[in-house]
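Take a look at the structure set out below.
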Amino acid sequence: MKKIMLGMMALCAATAFGDLKIGTVDMMVLVRNHKNYDTNKKMLQDSEKKYQKELDGMKAELDALQDEGKKLADQARNPMISQSQKDKIEKELLEIQNKYVAGQQNLRTQAMKSQEKLQEFESMLLKSTTEDIRAVVNKFADDNGYDLIIESTVTAFAKKSFDVTDGILKEMGIDPKYAKGRAKHDEGK
């Protein structure tokens with residue numbers, strides 16, 4: 001909501017001055033077509049697989065503990081064992097239950113840490129990409145005399161003639177006809 005309000009205020013200010021050259025851009029299209037997009041996406045997926053593999057290993061250990069606990073519980077129910085054996089088994093069973101509970105807590109903690117690491121990594125990659133795109137947008141604006149270029153999702157309405165996404169894609173070395181994420185945009189043209 002804050003972005004929309006800022007965009008609206010910028011457009012109101014721009015129209016009040018009349019002589020400003022304004023453009024809008026679809027940042028999502030630019031991000032999806034950035035040279036690092038596929039590499040970044042693969043790195044994120046690889047990281048996610050690595051974290052999932054670690055979590056799966058922890059889960060397998062918990063499953064093995066649970067199976068061991070079931071076997072001990074079955075042994076404890078055997079009416080043919082002595083009370084001392086039964087006490088020993090119940091003590092082992094209690095230790096396994098404690099390990100299992102601690103393992104579950106550790107698994108949850110590790111899952112949350114993994115999720116946080118993935119989010120931080122994704123944010124870092126996105127920040128780097130958007131900084132690079134902003135540099136291209138700034139150069140495009142300077143080269144073409146734009147006073148204001150705003151992200152198209154922060155405006156309630158803008159004429160299609162204000163859209164400079166194709167020009168910026170060209171600056172990025174991408175043919176707009178083959179740009180990823182353009183299907184909806186191109187249908188309206």
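Chain lettering (A, B, ...) mirrors the order of the structure tokens, residue numbering begins at 1 for each chain separately, and ligand numbering begins at 1 in order of display.
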Test item, strand (DSSP E) assignment across chain A, answer as JSON, numbers by chain: {"A": [22, 23, 24, 25, 148, 149, 150, 151]}
Apply DSSP to the structure's backbone, then extract all residues of range 30-189 of chain A labelled alpha helix (DSSP H) and return them as a VMD selection string. chain A and resid 30 to 32 37 to 76 83 to 144 165 to 171 183 to 187
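For the atom pair formed by CA of Ala179 in chain A and CA of Asn33 in chain A, the distance is 6.3 Å, given to one decimal.
If you count only C-alpha atoms and ignore residues fewer than 2 places along the chain from Ile133 in chain A, what sits within 8 Å of it is Leu30, Val31, His34, Thr129, Thr130, Glu131, Ala135, Val136 and Val137 of chain A.
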Output C-alpha atoms for every residue in that selection, as a PDB file, in the first residue's frame.
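To be explicit, this is the file written out as again24.pdb:
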ATOM      1  CA  LEU A  30      13.237  -7.350 -15.969  1.00  0.00           C
ATOM      2  CA  VAL A  31      14.171  -9.633 -13.055  1.00  0.00           C
ATOM      3  CA  HIS A  34      18.231 -10.689 -16.011  1.00  0.00           C
ATOM      4  CA  THR A 129      19.926  -8.372  -9.387  1.00  0.00           C
ATOM      5  CA  THR A 130      17.719  -5.357  -8.691  1.00  0.00           C
ATOM      6  CA  GLU A 131      20.753  -3.129  -8.104  1.00  0.00           C
ATOM      7  CA  ALA A 135      21.683   0.838 -12.967  1.00  0.00           C
ATOM      8  CA  VAL A 136      20.340  -0.112 -16.419  1.00  0.00           C
ATOM      9  CA  VAL A 137      17.084   1.781 -15.742  1.00  0.00           C
TER      10      VAL A 137
END
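Residues surrounding Gln110 in chain A within 12 Å are Tyr51, Gln52, Lys53, Glu54, Leu55, Asp56, Gly57, Met58, Lys59, Gly103, Gln104, Gln105, Gln115, Glu116 and Lys117 of chain A [only C-alpha atoms; sequence separation below 5 positions excluded].
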Can you tell me how far CA of Ser123 in chain A sits from CA of Asp142 in chain A, in Å to one decimal? 27.9 Å
Straight-line distance linking CA of Ala156 in chain A with CA of Met28 in chain A, stated in Å to one decimal: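 If I compute the distance from CA of Ala156 in chain A to CA of Met28 in chain A, I get 16.9 Å.
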Using only C-alpha atoms, which of the listed residues (A:Gly23, A:Gln85, A:Arg108, A:Lys35) sits closest to Met172 in chain A?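 Nearest candidate to Met172 in chain A out of A:Gly23, A:Gln85, A:Arg108, A:Lys35: A:Lys35.
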Using only C-alpha atoms, the shortest atom-to-atom distance to Leu118 in chain A among A:Lys49, A:Lys21, A:Arg77, A:Lys91 belongs to A:Lys49
Residue neighbourhood Lys88 in chain A, 12 Å, only C-alpha atoms, exclusion window fewer than 5 positions, as a PyMOL selection string: chain A and resi 72-73+75-76+81-83+93-95
I'd like the contact shell of range 38-40 of chain A - 9 Å cut-off, only C-alpha atoms, skipping same-chain residues fewer than 6 positions apart - returned as a PyMOL selection string. chain A and resi 32+122+125-126
